[in-house]
Amino acid sequence: MVLVPHLLALGLYGLATALALAPFAGLRPASRGLTLGTPLTGAAAHVVGVAQLTPVGVAPVLSILALFLVLLQVVSERVFRASAVAVFTGPLATGLVALALLIGLGPGVEPAPGRNAWFVLHVALSVFGLALLALAFVSAALYLLQFRELKTKRFGQMFQLFPPLERLDRLNHIALVAGFPALTLGVLLAVGYAERYAGGWHVDPAQVVWGTFTWAVVGWAVWARVVRHWAGRRAAVASIAGFAAVLLVYLVLKLAEPGTERFL
Amino acid sequence: MSIAVVGVNHRTAPLEVRERFAHAPREVPASLARVLSAGARGGVLLSTCNRTEFYLADPEGTAPQAVWALLNERLGDGRDASAYGYFQHDEEAVRHLYRVSAGLDSMILGESQIQGQVREAWETSREQAGPVLHRLFQSALLVGARVRSETALGTGAASAPSAAVAVAGKIFSSLAGRSALILGAGDMAELAANCLVSEGVRVTLVANRTYERAKAIAEELGARALTLDEAWEQFASADIVLSSTAAPHAVVTWERIAPAIARRGGRPLCILDLAVPRDVEPAVGQLENVFLYDIDDLQAVAAQVAAERRTEIPAAERIVNAEVERFWAWYGGLAVVPVLKEFRGRLEDVRAAELERALKRLGHLSPEDRAQLELFSHALLNKFLHHPTVALKEAAQAGRGYGLLEALKKLFGLESRHDA
């Protein structure tokens, strides 16, 4: 019963992506109800699928990340009227669910810790923090594209369909500021879990390295925005660089020890 | 003829003529009263900067002459007002109003301001409109709303001032509460400033080469006046700069404003240069977080939108045509009822007179036989009337009743004053 909701979510995310991209192909934009309702219905099916997963291994984490991305996409559209976020998050979430299905959503090699509430919360908060970092990346990318349209006076589809610069900057700011406490809590829960429940449970150094690195990157980005008052293009470039660094380090660590049973 | 439109617009008359025909709301009742006294049953006067149009419920067809006479007086120099205008009647008059309300007849295709102007015209003329024009204007507003919701005719910014608002709206989350600095006192700057103010922008500073002129405009806008030399410092705090001086060369230069821009802390600044020749040197646009647009850029945005809107014309015209048919069907049905009533009354009179004459000649008949004869006369009349009545009602419902109605009036010598 894990597969069916995931397939349903995949189809609806694909449809939501097509709806988001349609105006760029010269088609009339879909109604707001449809652009919000389609991913939300997909997310509802996705929640049913995710609830049955053991959050251990690459595939479940990718699935949870996709779910958070779609939920953040809906919030961005509803609260920030930033429907263009779906241009990035839509394909990303669809791809992540497809990849999770390809890898296989069976239980990982660590079924015992996977059902522990601390562990589930650690995974949920950490992945939510990652999703917020991804949203910061998306809003930064949209910012730079819109910035270029405005500076070069192209006034094309991006100019018409992308949100104003200031709104994208604000979305980037909020995503980073919200992502940092989520990641911090995720890391603290991991430490607490290892000390309290794992006992002799082995913590992979790769996980420690990547977790700490990601936390530090997001922390640096928040420091730059809040303390140093970075904004606009500089903040957008920093967000993209930070996200790229986190992704790169993950890939390097993963290539060093391949396998899909463990997230790292 | 029943419904007519007589008037001029931006295509048929130059501004100098349109200005003379324009009516302030307080002038409308008197002008309409004069036209109605020439025989019209109802009238609405739509007067904007681009058009002056009298919509008339005019069964006699006499009112247009009164309109031209009135406009000739306003022209006041011996020229013939009708040479600048047009006259349409019946379905074409209905179509004309629907196209006006939809923005299809506007100088800027699809602009939405006309919808409000049509509503205002209707409300100003409410006492003199009459039932047919009430219905016509009510439906025209619905047609305008349908076209705007079902097509993309009204989307985007199709004029340079509205393009200025659109461009600024892609930089700032909301324009409400933003501060604007105006350099110079050109007409275009004033127009664009009004567009920005209507979006909630606060004009806080007005700078001009001569302080007195700046002060006059600043007082109008509730802003503070400056000289141009005092304005460069203000680039550190303003969100939007609107420039339209009459200077023969660029007055806003990199050297003058770069120090102020450096103090903005990365906040974006939108500079709208509406002057020809340009007020702002192009190098200013290379400053970080400064977005500079000149009149050509804004006109390019407007032209692009206008081109996109033009592709929506067929869809909008389809809506207009369907609604014209619908109105005309209603109107045909409306006109049928009183004519049929009179037609039946006329034949009833004939029946009653002929029956009376026959009964006088047939004095030997019993009361029962007389009653039977009267019943027969009623039945015969009803049989005769049944088919034409049904045919006329059906034709009216299908929007084809008008011709039959006119034929009926002529054939039976009926009164023709049923239209309005």
# chains A, B, ... in the order shown; residues from 1 in each chain; ligands from 1
call {"tool": "interface_residues", "arguments": {"of": "chain B", "to": "chain A", "cutoff": "12 Å", "atoms": "only C-alpha atoms", "output": "number ranges by chain"}}
result
B: 149-152, 155-157, 163, 166-175, 239, 264-271, 282, 284-294, 296-305, 308, 312
call {"tool": "write_last_selection", "arguments": {"atoms": "N, CA and C atoms", "output": "short mmCIF file (atom, residue, chain, number, x, y, z; two decimals), in the first residue's frame"}}
result
data_model
loop_
_atom_site.label_atom_id
_atom_site.label_comp_id
_atom_site.auth_asym_id
_atom_site.auth_seq_id
_atom_site.Cartn_x
_atom_site.Cartn_y
_atom_site.Cartn_z
N SER B 149 -13.29 38.66 -18.02
CA SER B 149 -13.02 37.43 -17.27
C SER B 149 -12.79 36.24 -18.18
N GLU B 150 -13.36 36.24 -19.38
CA GLU B 150 -13.26 35.06 -20.23
C GLU B 150 -12.18 35.17 -21.30
N THR B 151 -11.63 36.37 -21.47
CA THR B 151 -10.52 36.52 -22.42
C THR B 151 -9.38 37.25 -21.70
N ALA B 152 -8.23 37.32 -22.37
CA ALA B 152 -7.08 38.04 -21.77
C ALA B 152 -6.99 39.45 -22.34
N THR B 155 -5.62 42.05 -19.75
CA THR B 155 -4.46 41.74 -18.91
C THR B 155 -3.23 42.55 -19.34
N GLY B 156 -2.33 42.75 -18.40
CA GLY B 156 -1.08 43.45 -18.70
C GLY B 156 -1.24 44.96 -18.74
N ALA B 157 -0.12 45.64 -18.99
CA ALA B 157 -0.10 47.11 -19.01
C ALA B 157 0.10 47.58 -20.43
N ALA B 163 2.59 50.82 -17.91
CA ALA B 163 3.77 49.96 -17.99
C ALA B 163 4.76 50.34 -16.89
N ALA B 166 3.60 48.67 -13.93
CA ALA B 166 3.84 47.23 -14.03
C ALA B 166 5.31 46.90 -13.75
N VAL B 167 6.20 47.71 -14.28
CA VAL B 167 7.64 47.46 -14.09
C VAL B 167 8.00 47.66 -12.61
N ALA B 168 7.51 48.75 -12.02
CA ALA B 168 7.80 48.99 -10.59
C ALA B 168 7.20 47.86 -9.75
N GLY B 169 6.06 47.34 -10.20
CA GLY B 169 5.40 46.24 -9.47
C GLY B 169 6.14 44.93 -9.57
N LYS B 170 7.13 44.83 -10.47
CA LYS B 170 7.95 43.62 -10.55
C LYS B 170 9.23 43.76 -9.73
N ILE B 171 9.41 44.93 -9.16
CA ILE B 171 10.58 45.14 -8.30
C ILE B 171 10.14 45.08 -6.83
N PHE B 172 9.05 45.78 -6.53
CA PHE B 172 8.59 45.85 -5.14
C PHE B 172 7.40 44.91 -4.92
N SER B 173 7.34 44.32 -3.73
CA SER B 173 6.23 43.41 -3.40
C SER B 173 4.90 44.11 -3.54
N SER B 174 4.84 45.31 -3.02
CA SER B 174 3.61 46.10 -3.10
C SER B 174 4.02 47.55 -3.29
N LEU B 175 3.27 48.26 -4.10
CA LEU B 175 3.62 49.66 -4.33
C LEU B 175 3.04 50.57 -3.24
N ASP B 239 12.11 55.19 -3.14
CA ASP B 239 11.98 53.87 -3.76
C ASP B 239 11.84 53.99 -5.27
N ARG B 264 22.21 53.05 0.23
CA ARG B 264 20.89 52.42 0.24
C ARG B 264 20.90 51.04 0.88
N GLY B 265 22.09 50.47 1.08
CA GLY B 265 22.17 49.15 1.71
C GLY B 265 21.56 48.05 0.85
N GLY B 266 21.68 48.18 -0.45
CA GLY B 266 21.20 47.13 -1.36
C GLY B 266 19.72 47.20 -1.68
N ARG B 267 19.01 48.17 -1.12
CA ARG B 267 17.58 48.28 -1.43
C ARG B 267 17.41 48.68 -2.89
N PRO B 268 16.45 48.07 -3.58
CA PRO B 268 16.29 48.40 -5.00
C PRO B 268 15.75 49.81 -5.21
N LEU B 269 16.16 50.42 -6.31
CA LEU B 269 15.66 51.74 -6.70
C LEU B 269 15.16 51.65 -8.14
N CYS B 270 13.95 52.06 -8.36
CA CYS B 270 13.37 52.04 -9.70
C CYS B 270 13.35 53.47 -10.25
N ILE B 271 14.06 53.69 -11.36
CA ILE B 271 14.09 55.02 -11.98
C ILE B 271 13.32 54.97 -13.30
N PRO B 282 22.53 56.53 -19.30
CA PRO B 282 22.36 55.08 -19.26
C PRO B 282 23.27 54.38 -18.25
N VAL B 284 23.83 54.97 -15.31
CA VAL B 284 23.18 54.87 -13.99
C VAL B 284 22.52 53.51 -13.82
N GLY B 285 22.02 52.94 -14.93
CA GLY B 285 21.37 51.64 -14.88
C GLY B 285 22.31 50.51 -14.53
N GLN B 286 23.62 50.78 -14.59
CA GLN B 286 24.58 49.73 -14.24
C GLN B 286 24.88 49.70 -12.74
N LEU B 287 24.41 50.69 -12.01
CA LEU B 287 24.61 50.67 -10.56
C LEU B 287 23.84 49.48 -9.97
N GLU B 288 24.44 48.84 -8.97
CA GLU B 288 23.83 47.66 -8.35
C GLU B 288 22.46 48.02 -7.76
N ASN B 289 21.49 47.17 -8.06
CA ASN B 289 20.12 47.32 -7.54
C ASN B 289 19.43 48.61 -7.99
N VAL B 290 19.94 49.21 -9.06
CA VAL B 290 19.22 50.33 -9.68
C VAL B 290 18.61 49.82 -10.98
N PHE B 291 17.31 50.01 -11.13
CA PHE B 291 16.60 49.55 -12.32
C PHE B 291 16.11 50.78 -13.08
N LEU B 292 16.72 51.00 -14.23
CA LEU B 292 16.45 52.23 -14.99
C LEU B 292 15.66 51.91 -16.27
N TYR B 293 14.57 52.63 -16.46
CA TYR B 293 13.76 52.43 -17.67
C TYR B 293 13.45 53.78 -18.30
N ASP B 294 13.68 53.87 -19.61
CA ASP B 294 13.32 55.12 -20.31
C ASP B 294 12.00 54.92 -21.05
N ASP B 296 11.26 54.55 -24.13
CA ASP B 296 11.26 53.47 -25.13
C ASP B 296 11.04 52.12 -24.47
N ASP B 297 11.69 51.91 -23.33
CA ASP B 297 11.52 50.63 -22.61
C ASP B 297 10.06 50.44 -22.21
N LEU B 298 9.47 51.49 -21.68
CA LEU B 298 8.09 51.39 -21.20
C LEU B 298 7.13 51.21 -22.37
N GLN B 299 7.42 51.89 -23.46
CA GLN B 299 6.56 51.72 -24.64
C GLN B 299 6.71 50.33 -25.24
N ALA B 300 7.91 49.75 -25.08
CA ALA B 300 8.11 48.37 -25.56
C ALA B 300 7.25 47.41 -24.75
N VAL B 301 7.18 47.63 -23.43
CA VAL B 301 6.32 46.79 -22.58
C VAL B 301 4.87 46.95 -23.01
N ALA B 302 4.47 48.20 -23.22
CA ALA B 302 3.08 48.48 -23.59
C ALA B 302 2.75 47.87 -24.95
N ALA B 303 3.68 47.98 -25.89
CA ALA B 303 3.43 47.45 -27.24
C ALA B 303 3.31 45.94 -27.22
N GLN B 304 4.15 45.32 -26.40
CA GLN B 304 4.11 43.86 -26.28
C GLN B 304 2.75 43.41 -25.75
N VAL B 305 2.29 44.11 -24.73
CA VAL B 305 0.99 43.77 -24.14
C VAL B 305 -0.12 44.01 -25.15
N GLU B 308 -0.30 41.26 -27.58
CA GLU B 308 -0.92 40.07 -26.98
C GLU B 308 -2.44 40.25 -26.89
N GLU B 312 -6.67 38.50 -28.73
CA GLU B 312 -7.89 38.15 -28.00
C GLU B 312 -9.14 38.77 -28.63
#
call {"tool": "residues_around", "arguments": {"residues": "Ser76 in chain A", "least_positions_apart": "6", "cutoff": "9 Å", "atoms": "only C-alpha atoms", "output": "VMD selection string"}}
result
chain A and resid 82 to 83 85 to 86 171
call {"tool": "residues_around", "arguments": {"residues": "Gly39 in chain B", "least_positions_apart": "4", "cutoff": "7 Å", "atoms": "only C-alpha atoms", "output": "PyMOL selection string"}}
result
chain B and resi 58+60+62-63
call {"tool": "residues_around", "arguments": {"residues": "Ile217 in chain B", "least_positions_apart": "6", "cutoff": "12 Å", "atoms": "only C-alpha atoms", "output": "short mmCIF file (atom, residue, chain, number, x, y, z; two decimals) with C-alpha atoms, in the first residue's frame"}}
result
data_model
loop_
_atom_site.label_atom_id
_atom_site.label_comp_id
_atom_site.auth_asym_id
_atom_site.auth_seq_id
_atom_site.Cartn_x
_atom_site.Cartn_y
_atom_site.Cartn_z
CA ILE B 182 9.54 63.38 -9.04
CA LEU B 183 12.06 65.29 -11.09
CA GLY B 184 10.60 67.93 -13.40
CA ALA B 185 7.04 68.72 -14.19
CA GLY B 186 6.23 67.15 -17.56
CA ASP B 187 2.72 65.98 -18.46
CA ALA B 189 5.46 62.45 -15.39
CA GLU B 190 2.24 63.80 -13.93
CA ALA B 193 2.68 59.87 -11.02
CA VAL B 203 4.91 61.21 -3.77
CA THR B 204 7.09 62.68 -1.04
CA LEU B 205 9.39 64.97 -3.00
CA VAL B 206 9.09 67.08 -6.15
CA ALA B 207 12.23 68.64 -7.57
CA ASN B 208 12.45 71.06 -10.45
CA THR B 210 12.75 76.34 -10.72
CA TYR B 211 11.71 75.99 -7.10
CA ALA B 223 4.81 66.55 -1.17
CA ARG B 224 7.88 68.64 -0.31
CA ALA B 225 9.49 70.82 -2.97
CA LEU B 226 13.21 70.80 -3.77
#
call {"tool": "residues_around", "arguments": {"residues": "Ala81 in chain B", "least_positions_apart": "6", "cutoff": "10 Å", "atoms": "only C-alpha atoms", "output": "list in words"}}
result
Gly7, Val8, Ala13, Val17, Phe21, Val67, Trp68, Ala69, Leu70, Leu71, Asn72, Glu73, Arg74 and Leu75 of chain B
